[in-house]
file upload_4.txt (compact mmCIF, C-alpha atoms and all ligand atoms)
# COMPACT_ATOMS: atom_id res chain seq x y z
CA MET A 1 10.16 -4.89 14.30
CA ALA A 2 6.66 -5.25 15.80
CA VAL A 3 6.61 -8.95 14.95
CA ASN A 4 10.00 -9.40 16.63
CA LYS A 5 8.47 -7.95 19.77
CA VAL A 6 5.50 -10.29 19.47
CA LEU A 7 7.83 -13.29 19.17
CA LYS A 8 10.11 -12.24 22.01
CA GLY A 9 10.23 -14.94 24.66
CA ALA A 10 8.77 -17.56 22.29
CA ARG A 11 12.14 -18.95 21.23
CA ASN A 12 13.30 -22.47 22.15
CA MET A 13 9.73 -23.72 22.51
CA HIS A 14 8.11 -26.85 21.12
CA ILE A 15 6.69 -26.10 17.64
CA THR A 16 3.01 -26.46 18.68
CA ALA A 17 3.53 -24.25 21.72
CA LEU A 18 5.44 -21.77 19.57
CA VAL A 19 2.62 -21.52 17.01
CA LYS A 20 -0.03 -21.19 19.75
CA ARG A 21 1.95 -18.53 21.56
CA THR A 22 2.62 -16.59 18.34
CA TYR A 23 -1.05 -16.76 17.39
CA GLY A 24 -2.18 -15.56 20.81
CA ARG A 25 0.28 -12.70 20.85
CA MET A 26 -0.63 -11.59 17.33
CA VAL A 27 -4.32 -11.53 18.31
CA ASP A 28 -3.53 -9.46 21.41
CA TYR A 29 -1.40 -7.11 19.31
CA LEU A 30 -3.99 -6.63 16.57
CA VAL A 31 -6.88 -6.22 19.01
CA GLN A 32 -4.99 -3.56 20.98
CA ARG A 33 -3.85 -1.87 17.79
CA GLY A 34 -7.40 -1.85 16.44
CA THR A 35 -8.96 -0.14 19.45
CA HIS A 36 -10.09 3.44 19.14
CA ILE A 37 -11.59 5.96 21.49
CA VAL A 38 -14.45 7.80 19.77
CA ARG A 39 -15.83 11.16 20.93
CA THR A 40 -18.94 12.54 19.30
CA TYR A 41 -18.87 16.32 18.84
CA ILE A 42 -22.17 17.13 17.25
CA VAL A 43 -25.67 15.85 17.92
CA ASP A 44 -26.34 14.81 14.31
CA ARG A 45 -23.45 12.30 14.58
CA THR A 46 -21.37 13.74 11.76
CA ARG A 47 -18.28 15.07 13.57
CA PHE A 48 -16.02 12.95 15.70
CA GLU A 49 -12.67 12.86 17.33
CA VAL A 50 -11.09 9.42 17.11
CA GLU A 51 -8.05 8.49 19.14
CA ASP A 52 -5.92 5.54 18.05
CA GLY A 53 -5.35 2.83 20.61
CA PHE A 54 -2.11 2.40 22.55
CA ASN A 55 0.69 1.90 20.06
CA LEU A 56 2.71 -1.14 21.13
CA ARG A 57 5.58 -0.27 18.85
CA ARG A 58 6.04 3.31 20.02
CA HIS A 59 4.80 2.65 23.57
CA ARG A 60 2.66 5.75 23.36
CA ASN A 61 -0.97 6.59 23.12
CA GLY A 62 -2.13 6.97 19.56
CA TYR A 63 -2.77 10.13 17.61
CA VAL A 64 -6.08 11.98 17.70
CA TRP A 65 -7.86 12.55 14.40
CA SER A 66 -10.75 14.83 13.51
CA LEU A 67 -13.35 13.04 11.41
CA ARG A 68 -16.37 14.24 9.44
CA LEU A 69 -18.82 11.69 8.13
CA ASP A 70 -20.99 14.29 6.33
CA ASN A 71 -18.27 15.17 3.80
CA LYS A 72 -16.32 11.92 4.17
CA THR A 73 -13.03 13.39 5.38
CA CYS A 74 -10.60 12.43 8.11
CA GLU A 75 -7.55 14.25 9.34
CA CYS A 76 -5.49 11.13 8.59
CA GLY A 77 -6.15 11.83 4.89
CA ARG A 78 -6.95 8.27 3.85
CA PHE A 79 -10.76 8.61 3.82
CA GLN A 80 -10.82 11.40 1.21
CA THR A 81 -7.84 10.06 -0.75
CA PHE A 82 -9.05 6.49 -1.25
CA LYS A 83 -12.79 7.32 -1.07
CA TYR A 84 -13.05 4.41 1.33
CA PRO A 85 -13.68 4.70 5.08
CA CYS A 86 -10.46 4.68 7.11
CA ASP A 87 -10.26 2.77 10.40
CA HIS A 88 -11.29 5.95 12.24
CA ALA A 89 -14.48 6.27 10.18
CA ILE A 90 -15.27 2.59 10.76
CA ALA A 91 -14.67 3.00 14.51
CA ALA A 92 -16.98 6.01 14.62
CA CYS A 93 -19.69 4.17 12.67
CA MET A 94 -19.45 1.14 14.97
CA HIS A 95 -19.60 3.43 17.99
CA GLN A 96 -22.79 5.04 16.66
CA SER A 97 -24.28 1.87 15.09
CA LEU A 98 -24.08 3.42 11.63
CA ASP A 99 -23.59 1.48 8.42
CA TYR A 100 -19.99 2.14 7.28
CA TRP A 101 -20.55 0.35 3.96
CA SER A 102 -22.68 3.31 2.89
CA LEU A 103 -19.50 5.45 3.06
CA VAL A 104 -17.70 3.41 0.43
CA ASP A 105 -17.56 5.35 -2.82
CA PRO A 106 -19.63 3.91 -5.72
CA VAL A 107 -16.40 3.70 -7.74
CA TYR A 108 -15.69 0.43 -5.87
CA THR A 109 -18.91 -1.23 -7.01
CA LEU A 110 -18.90 -4.04 -9.54
CA GLN A 111 -21.16 -1.98 -11.81
CA SER A 112 -18.62 0.84 -11.85
CA ILE A 113 -15.85 -1.55 -12.89
CA LEU A 114 -18.06 -3.05 -15.60
CA ASP A 115 -18.95 0.43 -16.86
CA ALA A 116 -15.26 1.32 -17.13
CA TYR A 117 -14.62 -1.54 -19.56
CA GLN A 118 -17.80 -1.53 -21.64
CA GLY A 119 -16.75 1.32 -23.94
CA GLN A 120 -17.01 0.69 -27.68
CA TRP A 121 -13.80 0.03 -29.63
CA TYR A 122 -13.37 0.42 -33.37
CA PRO A 123 -10.71 -0.95 -35.77
CA ILE A 124 -7.95 1.55 -36.58
CA GLY A 125 -7.41 0.43 -40.16
CA ASN A 126 -4.28 0.26 -42.30
CA ASP A 127 -1.55 2.89 -41.72
CA LEU A 128 -1.31 3.44 -45.49
CA ASN A 129 -4.87 4.73 -45.61
CA MET A 130 -4.35 7.28 -42.86
CA PRO A 131 -4.54 10.87 -44.13
CA PRO A 132 -1.20 12.73 -44.17
CA ARG A 133 -0.52 14.84 -41.13
CA GLU A 134 -0.78 18.58 -41.60
CA GLY A 135 1.17 21.21 -39.69
CA ASP A 136 4.74 21.38 -38.39
CA ARG A 137 6.87 18.26 -38.34
CA ILE A 138 7.83 17.14 -34.83
CA VAL A 139 11.47 16.02 -34.45
CA PRO A 140 13.19 14.61 -31.35
CA ASP A 141 15.61 16.79 -29.40
CA PRO A 142 19.12 15.51 -30.36
CA SER A 143 20.54 16.52 -26.94
CA THR A 144 18.30 13.93 -25.25
CA ALA A 145 19.22 11.11 -27.65
CA ARG A 146 21.06 8.13 -26.11
CA ALA A 147 24.65 7.56 -27.25
CA LYS A 148 25.52 4.45 -29.23
CA GLY A 149 26.64 1.34 -27.38
CA ARG A 150 25.82 -0.13 -24.04
CA PRO A 151 24.50 2.42 -21.47
CA ARG A 152 26.97 3.19 -18.70
CA SER A 153 26.00 1.54 -15.41
CA THR A 154 25.43 3.85 -12.45
CA ARG A 155 25.34 0.98 -9.97
CA ILE A 156 27.90 1.10 -7.16
CA ARG A 157 29.96 -2.04 -7.33
CA ASN A 158 30.93 -3.92 -4.16
CA GLU A 159 32.92 -7.02 -3.22
CA MET A 160 30.09 -9.31 -4.43
CA ASP A 161 30.78 -8.14 -7.98
CA LEU A 162 34.35 -9.44 -7.89
CA THR A 163 34.81 -12.58 -9.96
CA GLU A 164 36.87 -15.51 -8.84
CA PRO A 165 40.16 -16.09 -10.63
CA GLN A 166 39.74 -18.52 -13.54
CA SER A 167 42.15 -21.16 -12.11
CA SER A 168 40.31 -21.65 -8.78
CA ARG A 169 36.94 -21.87 -10.52
CA ARG A 170 38.28 -24.65 -12.75
CA SER A 171 39.65 -26.64 -9.81
CA VAL A 172 36.22 -26.56 -8.09
CA SER A 173 34.51 -27.91 -11.19
CA LEU A 174 37.04 -30.76 -11.47
CA GLN A 175 36.26 -31.95 -7.92
CA ARG A 176 32.63 -32.78 -8.82
ZN ZN B 201 -8.84 8.43 9.43

call {"tool": "encode", "arguments": {"input": "upload_4.txt", "output": "structure tokens"}}
result
Amino acid sequence: MAVNKVLKGARNMHITALVKRTYGRMVDYLVQRGTHIVRTYIVDRTRFEVEDGFNLRRHRNGYVWSLRLDNKTCECGRFQTFKYPCDHAIAACMHQSLDYWSLVDPVYTLQSILDAYQGQWYPIGNDLNMPPREGDRIVPDPSTARAKGRPRSTRIRNEMDLTEPQSSRRSVSLQR
């Protein structure tokens, strides 16, 4: 929908002009969308209010979010969920000349990924040599068992599922 708006008025143009116009409009759109108004609320530069730029799609000013850099949370929820600075946190850092890379959680580091896969693995061995299991025997619930045969389809069929009559299909193949 937003791209349609960007391309509006660019139809029936020469291909080079069309590409240039599309490029220019996308840049304008992304620059406007990426703007934020940052208000600092505390002298130690940890609490901010960040207002999204004008939203071209909704034709309204953006939402206002409360941001805390000291505990890495933003009202938008993305900062604490992904443990990665959201666009509001990045805007606040740029506004205050702070390093936003320091807010990225160590879980995203290469070392963290390497650590996750360096665990030691051991061979399981032959099933026959496994000790017998002690305790109650676990059996599946028969009421949840699938019936024999092909499962019944729950898809809603429409006119595209209708097959052509055999005679017309044959006549088409003979014309080739
Ligand atoms: Zn945010």

call {"tool": "atom_distance", "arguments": {"input": "upload_4.txt", "atom1": "CA of Leu110 (chain A)", "atom2": "CA of Thr81 (chain A)"}}
result
20.0 Å

call {"tool": "residues_near_ligand", "arguments": {"input": "upload_4.txt", "ligand": "ligand ZN 201 (chain B)", "cutoff": "10 Å", "atoms": "only C-alpha atoms and all ligand atoms", "output": "list in words"}}
result
Glu49, Val50, Glu51, Asp52, Val64, Trp65, Ser66, Leu67, Arg68, Lys72, Thr73, Cys74, Glu75, Cys76, Gly77, Arg78, Phe79, Gln80, Tyr84, Pro85, Cys86, Asp87, His88, Ala89, Ile90, Ala91 and Ala92 of chain A

call {"tool": "atom_distance", "arguments": {"input": "upload_4.txt", "atom1": "CA of Met160 (chain A)", "atom2": "CA of Lys148 (chain A)"}}
result
28.7 Å

call {"tool": "atom_distance", "arguments": {"input": "upload_4.txt", "atom1": "CA of Asn61 (chain A)", "atom2": "CA of Gly24 (chain A)"}}
result
22.3 Å

call {"tool": "closest_residue", "arguments": {"input": "upload_4.txt", "among": "A:Ile113, A:Met13, A:Ile124, A:Leu69", "to": "Leu98 (chain A)", "atoms": "all atoms listed in the file"}}
result
A:Leu69
